[in-house]
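J.: Got a structure for you, questions after.
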Amino acid sequence: MDIRFSGFGGQGIIKCGLITGKALSLFDGKNATLTQSIGPEARGSACSSQLVISSDRVLYPYIVAPEVLVCMSQESYERYEPDLRDGGLLLVDEDLVRNAKPRGKTKMYSIPATRIAEELGNKIVMNLVMLGFFTAITEVVSTGAMKKALPGLVPSRSLELNEEAFDRGYEFGREALAGSEKSEEALV
Amino acid sequence: MNEEVLVEETDEELNPAEDYLRLDRFPHIWCSGCGIGTVVRSFIEALQKSKVDLDKVCVVSGIGCTGRVAGYINLDSFHSTHGRAVPFAVGLKLGNPDLKVVVFSGDGDIFGIGGNHFIHTARRNMDIAVICVNNFNYAMTGGQVAATTPIRANLSTAPYGNFEYPFNLPYLAEASGATYVARWTSLHLRRVTKSMQEALTRRGFSFIEVITPCVTLYARRNRLGDGLNLLRYYYDNSEIEHGADTRTLDIDYQDKITVGKFVDKEKPTFLDCMNNYLSEVIGDEYRPYGVK
Amino acid sequence: MKKTKADPKGVLTGAHYLDGDYAIAEGGLAAGCRFFAGYPITPSTETAERFVERIPYVGGVFIQMEDELASITALIGAAWAGKKAMTVTSGPGFSLMMENLGLACMMEVPLVIANVQRGGPSTGLPTYVGQQDMMQAKWGSHGDYEIIALSPDSPQECFDLTVDAFNLSETYRVPVLLMTDECVGHMYEKVVIPPADEIEVVERKWYDGPKDEYLPYKPDEDLVPFMIKAGDGYRFHTTGLTHDERGYPVINAECQNVCVPHLVEKIRQNADKIIRFEEEETDGADVVVVSYGITSRVAIPAVQKAREVGIKVGTLRLITVWPFPEKRIKELAGKIKAFVVPEINYGQVVYEVERCAYGQAPAIHVPHCGGWVHDPEDIFKAIKGAVK
């Protein structure tokens with residue numbers, strides 16, 4: 001399973017990969033290799049982190065056509081969406097990515113992650129909202145492992161806020177899934 | 001008969017510096033009339049007078065004529081690479097803060113190829129002493145122009161005379177952060193010894209410049225005569241001015257040389273700063289380093 | 001040489017999610033390194049950052065020097081003061097270190113340098129992978145000497161091999177190079193750090209005979225001379241000049257003929273004890289893929305695919321790159337049709353394989369200019385081409 005988190009520098013894109021990778025490797029018994037690509041600027045430039053997940057040892061460390069793409073900026077959507085594997089999952093922050101559309105057999109789920117984070121009182125936890133959403137939709141990692149992975153990767157003084165953000169995103173994801181299942185049933 | 005007695009006496013009499021030198025390496029490589037030997041003699045006297053624990057004194061040299069000092073001094077002594085005596089000394093000092101580390105090297109070594117190391121080590125007020133023997137040229141390689149060569153002095157890579165501005169070493173040292181700065185010529189033996197004594201017993205970055213004759217190259221190329229002539233020049237032209245403004249200490253060709261102790265102040269050293277600061281911000285969990 | 005267990009103060013026992021750079025710092029701390037002098041350079045800086053964050057709680061020194069010339073030279077000083085010392089760098093800084101890498105070899109000083117290789121030449125690709133300094137590791141400083149270089153393929157091995165690097169360095173009084181790369185250095189994976197009492201650390205052979213009989217360069221039976229610490233009253237001398245057993249400069253061909261062979265033979269004669277590699281399915285193989293670092297992982301999918309189409313292919317992963325496993329390559333060369341050597345450069349270790357094959361089997365290079373790892377398909381094609 002190949003996953004790409006993408007956005008711009010300063011959004012916590014690398015952190016998304018780190019939390020998920022740590023959760024999988026240390027608490028879910030998987031092998032998860034994280035690589036990152038960052039522009040030379042510390043803030044604002046396109047930024048992505050990639051996870052290769054396997055029950056065996058990860059050999060090739062990079063991803064080519066990811067099964068899951070998380071986009072938290074317009075630029076990252078335009079840059080990385082064409083690489084998304086057919087039948088893959090596209091997760092976007094609906095306020096940051098305009099006109100996002102599924103293509104072929106890809107499925108898209110969107111969430112107002114930034115708005116939810118703002119409701120919680122700090123825009124900075126939008127990446128945790130997105131991670132909760134990601135966890136609910138993809139089911140590649142357990143919520144328990146994700147929660148366990150947070151200490152050390154988010155500031156201890158804001159651990160609770162981060163957990164809350166994760167939960168909000170997770171709930172949003174469960175509802176979105178239920179909704180889409182309903183609409184699929186309706187189609188049948 | 002008289003002659004025989006004289007010889008006997010010389011044989012029996014121990015050179016007071018003998019214990020401090022690796023006599024199995026003598027004769028040394030320095031030319032007759034060269035000033036390095038007298039600076040070494042002053043250093044030995046400073047070691048004797050300051051009563052430092054000789055087992056803890058390390059001498060580090062780079063490459064060049066003065067770079068050979070480490071090879072002749074009978075202490076833990078390190079002959080490093082060209083320009084790198086200062087960072088080598090930093091490693092020794094930080095590796096074991098109980099050591100008293102002295103860099104003994106030439107102007108080309110410390111301020112030509114090694115200038116960057118010097119300014120940063122002074123900036124940190126690293127607790128080491130740097131003794132720079134300044135003979136105004138690269139002597140080991142045959143008398144090339146240096147960063148200290150006065151304008152108009154003739155050297156093999158400045159065959160029509162030097163036209164580059166030279167460093168004013170005490171000014172450079174002070175501006176970089178040295179907390180002890182002195183300059184002497186090799187004529188001022190007792191004063192050199194005293195400065196070295198002070199450097200050996202104080203804490204912080206000490207810098208001592210000693211201007212010495214290079215008879216074979218600098219003096220010969222510039223037709224300045226022999227060692228004695230150069231000492232005469234120092235005698236006639238050096239002026240002692242303790243506490244002089246280091247900005248005024250440029251040396252023009254065969255012109256006045258202001259000597260003296262210009263800077264002597266206390267300031268926490270690199271390790272003091274590290275331990276104090278980290279203790280303050282980390283608290284009890286901090287493990288102070290090199291503190292007894 | 002004294003074998004002990006790691007000092008628990010420096011050992012962060014447990015399972016962690018770390019990148020290779022961080023794992024190198026943890027390996028150094030576990031091995032007993034208490035002195036780090038370095039200069040920031042991408043993609044290696046995280047090692048220094050980790051070390052300086054941790055060392056106040058462990059007890060030791062980190063100093064950011066003015067350049068890489070100073071960094072490695074300070075390590076030599078610290079090593080003489082009795083410390084285990086390390087630094088980390090990448091291509092441009094590695095080039096600056098070459099001068100005093102020679103001094104460390106000449107003075108026979110143990111220290112560890114990690115080179116997180118990036119694409120070169122010159123400033124090249126600071127944030128992207130390369131394996132282009134492998135020959136520089138062997139030959140980069142002037143004059144003749146032998147050195148030890150290790151190549152980790154994962155963050156876990158960055159930890160493990162940094163401990164090994166210190167142990168080898170202390171054992172042989174020689175600088176040891178950890179030749180990793182940007183990909184492994186910046187890659188996060190699970191790293192398990194064992195309890196301190198399960199980590200074996202080696203300390204250099206300290207001399208404890210009569211003080212006036214100490215000779216800093218008199219080889220012991222294993223060719224490695226005993227060491228002492230500055231400040232212990234031996235009044236010893238050491239120099240970068242050609243020297244005798246006393247450490248005194250002797251500038252002539254006779255002394256050179258003792259000094260240099262000693263530096264070389266100390267490693268060559270102990271090569272069998274130093275060299276480590278991993279071999280799989282080389283028995284009866286027609287092709288053996290020789291690789292190291294990240295490339296050895298990328299090669300496996302190619303090897304698997306080749307086996308699926310019926311090609312008998314084995315692998316040899318170099319853990320020690322220098323000294324090179326000459327004997328084993330020679331043996332294999334007599335039994336196989338070809339070596340395939342993928343590496344992220346335009347031909348370095350492949351020439352060593354070719355040399356050691358003594359004409360018995362060709363060494364087919366799979367080059368890569370750097371900036372990315374190989375496409376396994378390219379390695380597969382080379383394997384297929386080798387059995388045609």
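Labels for the structure tokens follow display order: chains A, B, ..., residues from 1 in each chain, ligands from 1.
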Can you check which residues of region 26-172 of chain A DSSP gives as strand (DSSP E or B) on the backbone and send them as a PyMOL selection string?
T.: chain A and resi 31-38+46-54+68-71+89-93+107-111+151+154
J.: Just the residues within 6 Å of region 290-303 of chain C, please, counting only C-alpha atoms, with nothing from its chain fewer than 4 positions along; format it as an MDAnalysis selection string.
T.: (chainID A and resid 59:60) or (chainID C and resid 151:153 316:318 341 376 379:380)
J.: Taking only C-alpha atoms into account, which residues of chain C are within 8 Å of chain B, as an MDAnalysis selection string?
T.: chainID C and resid 35 56:61 66 69:71 73:83 100 103 230:240 248
J.: Go ahead and write the residues just picked, C-alpha atoms, as a PDB file, in the first residue's frame.
T.:
```pdb
ATOM      1  CA  PHE C  35      32.329  14.291  21.515  1.00  0.00           C
ATOM      2  CA  PRO C  56      23.206  17.536  27.691  1.00  0.00           C
ATOM      3  CA  TYR C  57      21.376  14.660  29.362  1.00  0.00           C
ATOM      4  CA  VAL C  58      24.113  12.128  28.655  1.00  0.00           C
ATOM      5  CA  GLY C  59      27.210  14.167  29.496  1.00  0.00           C
ATOM      6  CA  GLY C  60      29.569  15.209  26.746  1.00  0.00           C
ATOM      7  CA  VAL C  61      30.254  17.922  24.201  1.00  0.00           C
ATOM      8  CA  GLU C  66      33.569  26.809  11.613  1.00  0.00           C
ATOM      9  CA  LEU C  69      38.337  21.010   8.163  1.00  0.00           C
ATOM     10  CA  ALA C  70      37.990  22.073  11.782  1.00  0.00           C
ATOM     11  CA  SER C  71      35.370  19.443  12.584  1.00  0.00           C
ATOM     12  CA  THR C  73      40.637  18.007  13.206  1.00  0.00           C
ATOM     13  CA  ALA C  74      38.847  18.633  16.503  1.00  0.00           C
ATOM     14  CA  LEU C  75      37.853  14.954  16.524  1.00  0.00           C
ATOM     15  CA  ILE C  76      41.508  13.982  16.285  1.00  0.00           C
ATOM     16  CA  GLY C  77      42.344  16.218  19.246  1.00  0.00           C
ATOM     17  CA  ALA C  78      39.426  14.849  21.247  1.00  0.00           C
ATOM     18  CA  ALA C  79      40.397  11.274  20.418  1.00  0.00           C
ATOM     19  CA  TRP C  80      43.891  11.935  21.784  1.00  0.00           C
ATOM     20  CA  ALA C  81      42.236  13.336  24.904  1.00  0.00           C
ATOM     21  CA  GLY C  82      40.626   9.908  25.272  1.00  0.00           C
ATOM     22  CA  LYS C  83      37.182  10.525  23.843  1.00  0.00           C
ATOM     23  CA  ASN C 100      42.754  15.547   8.022  1.00  0.00           C
ATOM     24  CA  LEU C 103      46.195  12.967   9.508  1.00  0.00           C
ATOM     25  CA  ALA C 230      47.048  13.205  26.546  1.00  0.00           C
ATOM     26  CA  GLY C 231      47.546  14.482  30.068  1.00  0.00           C
ATOM     27  CA  ASP C 232      48.511  11.130  31.556  1.00  0.00           C
ATOM     28  CA  GLY C 233      52.174  12.012  31.850  1.00  0.00           C
ATOM     29  CA  TYR C 234      53.687  10.090  28.953  1.00  0.00           C
ATOM     30  CA  ARG C 235      55.092  13.232  27.299  1.00  0.00           C
ATOM     31  CA  PHE C 236      54.610  11.627  23.912  1.00  0.00           C
ATOM     32  CA  HIS C 237      54.837  13.137  20.467  1.00  0.00           C
ATOM     33  CA  THR C 238      52.753  12.508  17.381  1.00  0.00           C
ATOM     34  CA  THR C 239      52.983  13.988  13.926  1.00  0.00           C
ATOM     35  CA  GLY C 240      51.578  13.845  10.438  1.00  0.00           C
ATOM     36  CA  TYR C 248      59.342  11.195  15.958  1.00  0.00           C
TER      37      TYR C 248
END
```
J.: Once you count only C-alpha atoms, which residues of chain C turn out to be within 6 Å of chain A? Could you give them as number ranges by chain?
T.: C: 17, 187-190, 297-298
J.: Any idea what's packed within 10 Å of region 166-181 of chain A, counting only C-alpha atoms, ignoring anything in its chain fewer than 5 positions away? Could you give it as a list in words?
T.: Tyr109, Ser110, Ile111, Pro112, Ala113, Ile116, Ala117, Leu120, Val125, Met126, Asn127, Leu128, Val129, Met130, Leu131, Gly132, Phe133, Phe134, Thr135, Ala136, Ile137, Thr138, Thr143, Met146, Lys147, Glu160, Leu161, Ala186 and Leu187 of chain A
J.: Filtering to N, CA, C and O atoms, could you give me those residues as a compact mmCIF listing (two decimals), in the first residue's frame?
T.:
```
# COMPACT_ATOMS: atom_id res chain seq x y z
N TYR A 109 -13.08 11.62 -1.36
CA TYR A 109 -13.77 12.03 -0.15
C TYR A 109 -13.22 13.38 0.26
O TYR A 109 -11.99 13.58 0.22
N SER A 110 -14.12 14.28 0.64
CA SER A 110 -13.59 15.59 1.04
C SER A 110 -14.09 16.00 2.42
O SER A 110 -15.12 15.52 2.89
N ILE A 111 -13.30 16.85 3.03
CA ILE A 111 -13.57 17.28 4.40
C ILE A 111 -13.13 18.74 4.55
O ILE A 111 -12.09 19.12 3.99
N PRO A 112 -13.89 19.55 5.26
CA PRO A 112 -13.42 20.92 5.53
C PRO A 112 -12.47 20.90 6.73
O PRO A 112 -12.78 21.42 7.80
N ALA A 113 -11.33 20.29 6.56
CA ALA A 113 -10.40 20.04 7.70
C ALA A 113 -9.97 21.34 8.36
O ALA A 113 -9.93 21.45 9.59
N ILE A 116 -12.83 22.81 10.39
CA ILE A 116 -13.06 22.06 11.63
C ILE A 116 -11.98 22.42 12.66
O ILE A 116 -12.26 22.64 13.83
N ALA A 117 -10.75 22.52 12.19
CA ALA A 117 -9.64 22.88 13.09
C ALA A 117 -9.86 24.26 13.67
O ALA A 117 -9.64 24.50 14.86
N LEU A 120 -12.20 24.20 16.39
CA LEU A 120 -11.58 23.68 17.61
C LEU A 120 -10.66 24.72 18.26
O LEU A 120 -10.15 24.49 19.34
N VAL A 125 -4.11 22.42 13.87
CA VAL A 125 -4.38 20.99 14.02
C VAL A 125 -5.16 20.43 12.82
O VAL A 125 -5.68 19.32 12.88
N MET A 126 -5.24 21.19 11.74
CA MET A 126 -5.96 20.68 10.56
C MET A 126 -5.35 19.37 10.05
O MET A 126 -6.07 18.51 9.53
N ASN A 127 -4.07 19.21 10.25
CA ASN A 127 -3.47 17.95 9.77
C ASN A 127 -3.97 16.76 10.59
O ASN A 127 -4.15 15.66 10.05
N LEU A 128 -4.26 16.99 11.86
CA LEU A 128 -4.79 15.89 12.69
C LEU A 128 -6.24 15.59 12.32
O LEU A 128 -6.68 14.43 12.33
N VAL A 129 -7.00 16.64 11.97
CA VAL A 129 -8.36 16.42 11.48
C VAL A 129 -8.28 15.54 10.23
O VAL A 129 -9.00 14.53 10.09
N MET A 130 -7.36 15.91 9.35
CA MET A 130 -7.20 15.15 8.11
C MET A 130 -6.76 13.71 8.40
O MET A 130 -7.23 12.77 7.75
N LEU A 131 -5.89 13.54 9.39
CA LEU A 131 -5.43 12.18 9.72
C LEU A 131 -6.57 11.32 10.26
O LEU A 131 -6.66 10.13 9.96
N GLY A 132 -7.45 11.94 11.08
CA GLY A 132 -8.61 11.20 11.59
C GLY A 132 -9.50 10.77 10.43
O GLY A 132 -9.94 9.61 10.36
N PHE A 133 -9.71 11.70 9.53
CA PHE A 133 -10.51 11.44 8.33
C PHE A 133 -9.88 10.31 7.51
O PHE A 133 -10.54 9.34 7.13
N PHE A 134 -8.60 10.43 7.31
CA PHE A 134 -7.82 9.42 6.56
C PHE A 134 -7.95 8.04 7.23
O PHE A 134 -8.16 7.02 6.55
N THR A 135 -7.86 8.00 8.55
CA THR A 135 -7.93 6.73 9.28
C THR A 135 -9.30 6.07 9.10
O THR A 135 -9.40 4.86 8.90
N ALA A 136 -10.34 6.90 9.16
CA ALA A 136 -11.69 6.37 9.01
C ALA A 136 -11.93 5.84 7.60
O ALA A 136 -12.46 4.74 7.42
N ILE A 137 -11.50 6.60 6.62
CA ILE A 137 -11.81 6.23 5.23
C ILE A 137 -10.97 5.04 4.76
O ILE A 137 -11.48 4.11 4.14
N THR A 138 -9.68 5.06 5.07
CA THR A 138 -8.80 4.04 4.48
C THR A 138 -8.74 2.75 5.29
O THR A 138 -8.51 1.68 4.74
N THR A 143 -7.17 3.19 14.92
CA THR A 143 -7.23 4.46 15.65
C THR A 143 -6.39 4.38 16.92
O THR A 143 -5.75 5.35 17.30
N MET A 146 -2.85 5.06 16.08
CA MET A 146 -2.65 6.48 15.75
C MET A 146 -2.58 7.32 17.02
O MET A 146 -1.73 8.20 17.15
N LYS A 147 -3.47 7.04 17.95
CA LYS A 147 -3.47 7.81 19.20
C LYS A 147 -2.17 7.57 19.98
O LYS A 147 -1.60 8.49 20.56
N GLU A 160 -4.08 16.96 23.90
CA GLU A 160 -5.54 16.77 23.93
C GLU A 160 -6.22 17.39 22.73
O GLU A 160 -7.11 16.78 22.13
N LEU A 161 -5.80 18.59 22.40
CA LEU A 161 -6.37 19.28 21.24
C LEU A 161 -6.14 18.46 19.97
O LEU A 161 -7.04 18.32 19.13
N ALA A 186 -28.46 2.89 -2.69
CA ALA A 186 -29.57 3.48 -3.44
C ALA A 186 -29.41 3.22 -4.93
O ALA A 186 -30.38 2.89 -5.63
N LEU A 187 -28.15 3.30 -5.38
CA LEU A 187 -27.88 3.06 -6.80
C LEU A 187 -28.23 1.63 -7.19
O LEU A 187 -28.75 1.37 -8.27
```
J.: Taking 3 positions as the minimum chain separation for residues in the same chain, which residues sit within 8 Å of Thr320 (chain C) when counting only C-alpha atoms? Answer as a PyMOL selection string.
T.: chain C and resi 148-151+274-277+323-324
J.: Please provide the set of residues having any atom within 10 Å of Pro159 (chain B), restricted to only C-alpha atoms, with same-chain residues fewer than 5 positions apart removed, written as a list in words.
T.: Gln144, Val145, Arg152, Ala153, Asn154 and Arg221 of chain B
J.: Can you pull out the residues contacting Thr216 (chain B)? Cut-off 12 Å, using only C-alpha atoms, and skip same-chain residues under 5 positions away; I want them as a short mmCIF file (atom, residue, chain, number, x, y, z; two decimals) with N, CA, C and O atoms, in the first residue's frame.
T.:
```cif
data_model
loop_
_atom_site.label_atom_id
_atom_site.label_comp_id
_atom_site.auth_asym_id
_atom_site.auth_seq_id
_atom_site.Cartn_x
_atom_site.Cartn_y
_atom_site.Cartn_z
N TRP B 30 66.27 24.80 12.98
CA TRP B 30 66.21 26.24 12.78
C TRP B 30 67.57 26.84 12.42
O TRP B 30 68.61 26.40 12.90
N CYS B 31 67.54 27.85 11.59
CA CYS B 31 68.77 28.49 11.12
C CYS B 31 69.41 29.28 12.27
O CYS B 31 68.72 29.72 13.19
N SER B 32 70.70 29.51 12.14
CA SER B 32 71.31 30.36 13.16
C SER B 32 70.83 31.79 12.94
O SER B 32 70.67 32.23 11.80
N GLY B 33 70.51 32.44 14.03
CA GLY B 33 69.96 33.79 13.94
C GLY B 33 68.45 33.81 13.95
O GLY B 33 67.84 34.86 14.11
N CYS B 34 67.84 32.64 13.77
CA CYS B 34 66.37 32.53 13.80
C CYS B 34 65.87 32.82 15.21
O CYS B 34 66.53 32.49 16.19
N GLY B 35 64.69 33.41 15.31
CA GLY B 35 64.18 33.78 16.63
C GLY B 35 63.32 32.73 17.31
O GLY B 35 62.96 32.88 18.47
N ASN B 135 57.21 35.89 11.61
CA ASN B 135 58.46 36.27 10.95
C ASN B 135 58.20 36.90 9.59
O ASN B 135 59.08 36.97 8.74
N ASN B 137 56.81 36.02 6.95
CA ASN B 137 56.84 35.29 5.66
C ASN B 137 56.64 33.80 5.87
O ASN B 137 56.64 33.31 7.00
N TYR B 138 56.39 33.09 4.77
CA TYR B 138 56.35 31.62 4.78
C TYR B 138 57.78 31.14 4.63
O TYR B 138 58.34 31.17 3.53
N ALA B 139 58.38 30.75 5.74
CA ALA B 139 59.82 30.47 5.70
C ALA B 139 60.12 29.02 5.29
O ALA B 139 61.03 28.79 4.49
N MET B 140 59.35 28.07 5.83
CA MET B 140 59.65 26.66 5.56
C MET B 140 59.66 26.35 4.07
O MET B 140 60.42 25.53 3.58
N THR B 141 58.80 27.05 3.33
CA THR B 141 58.70 26.78 1.90
C THR B 141 59.61 27.69 1.08
O THR B 141 59.55 27.69 -0.15
N GLY B 142 60.41 28.51 1.74
CA GLY B 142 61.41 29.26 1.00
C GLY B 142 61.17 30.76 0.89
O GLY B 142 61.66 31.40 -0.03
N GLY B 143 60.37 31.32 1.81
CA GLY B 143 60.27 32.78 1.86
C GLY B 143 59.24 33.37 0.92
O GLY B 143 59.58 34.20 0.06
N LEU B 155 59.64 39.28 -1.21
CA LEU B 155 59.66 37.84 -0.95
C LEU B 155 59.52 37.10 -2.26
O LEU B 155 59.24 37.71 -3.30
N ARG B 221 66.57 38.47 1.66
CA ARG B 221 65.93 39.02 0.46
C ARG B 221 65.79 40.54 0.53
O ARG B 221 65.78 41.21 -0.49
N ASN B 222 65.66 41.03 1.76
CA ASN B 222 65.45 42.47 1.91
C ASN B 222 66.73 43.21 2.33
O ASN B 222 66.68 44.39 2.68
N ARG B 223 67.83 42.46 2.29
CA ARG B 223 69.15 43.04 2.63
C ARG B 223 69.11 43.76 3.98
O ARG B 223 69.55 44.90 4.11
N LEU B 224 68.55 43.03 4.95
CA LEU B 224 68.44 43.64 6.28
C LEU B 224 69.54 43.18 7.23
O LEU B 224 69.51 43.49 8.41
N GLY B 225 70.45 42.39 6.70
CA GLY B 225 71.58 41.97 7.52
C GLY B 225 71.30 40.66 8.23
O GLY B 225 70.49 39.86 7.77
N ASP B 226 71.97 40.44 9.34
CA ASP B 226 71.84 39.16 10.04
C ASP B 226 70.91 39.32 11.24
O ASP B 226 70.28 40.36 11.44
N GLY B 227 70.88 38.27 12.08
CA GLY B 227 69.97 38.27 13.22
C GLY B 227 70.19 39.45 14.13
O GLY B 227 69.25 40.06 14.64
N LEU B 230 68.63 42.57 12.91
CA LEU B 230 67.18 42.63 13.12
C LEU B 230 66.85 42.91 14.57
O LEU B 230 65.92 43.67 14.86
#
```
J.: What does the distance between CA of Pro150 (chain B) and CA of Tyr253 (chain B) come to in Å, to one decimal place?
T.: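 Separating CA of Pro150 (chain B) from CA of Tyr253 (chain B) is a distance of 5.0 Å.
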J.: Mind giving me the straight-line distance from CA of Asn134 (chain B) to CA of Ala104 (chain C) in Å, one decimal?
T.: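 Between these atoms lies a distance of 28.0 Å.
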J.: Quick one: residues within 10 Å of region 195-203 of chain C, only C-alpha atoms, excluding same-chain residues fewer than 4 positions away - as an NGL selection string?
T.: :C and (1-14 or 30-32 or 84 or 110 or 160 or 163-164 or 166-171)
J.: Figure out the distance between CA of Val102 (chain B) and CA of Met227 (chain C), please, to one decimal in Å.
T.: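 According to the coordinates, CA of Met227 (chain C) and CA of Val102 (chain B) are separated by 21.8 Å.
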J.: May I have all residues of region 17-166 of chain B that DSSP, computed from the backbone, assigns to helix (DSSP H, G or I), given as a PyMOL selection string?
T.: chain B and resi 18-20+23-25+36-50+54-56+66-72+85-95+107-113+115-123
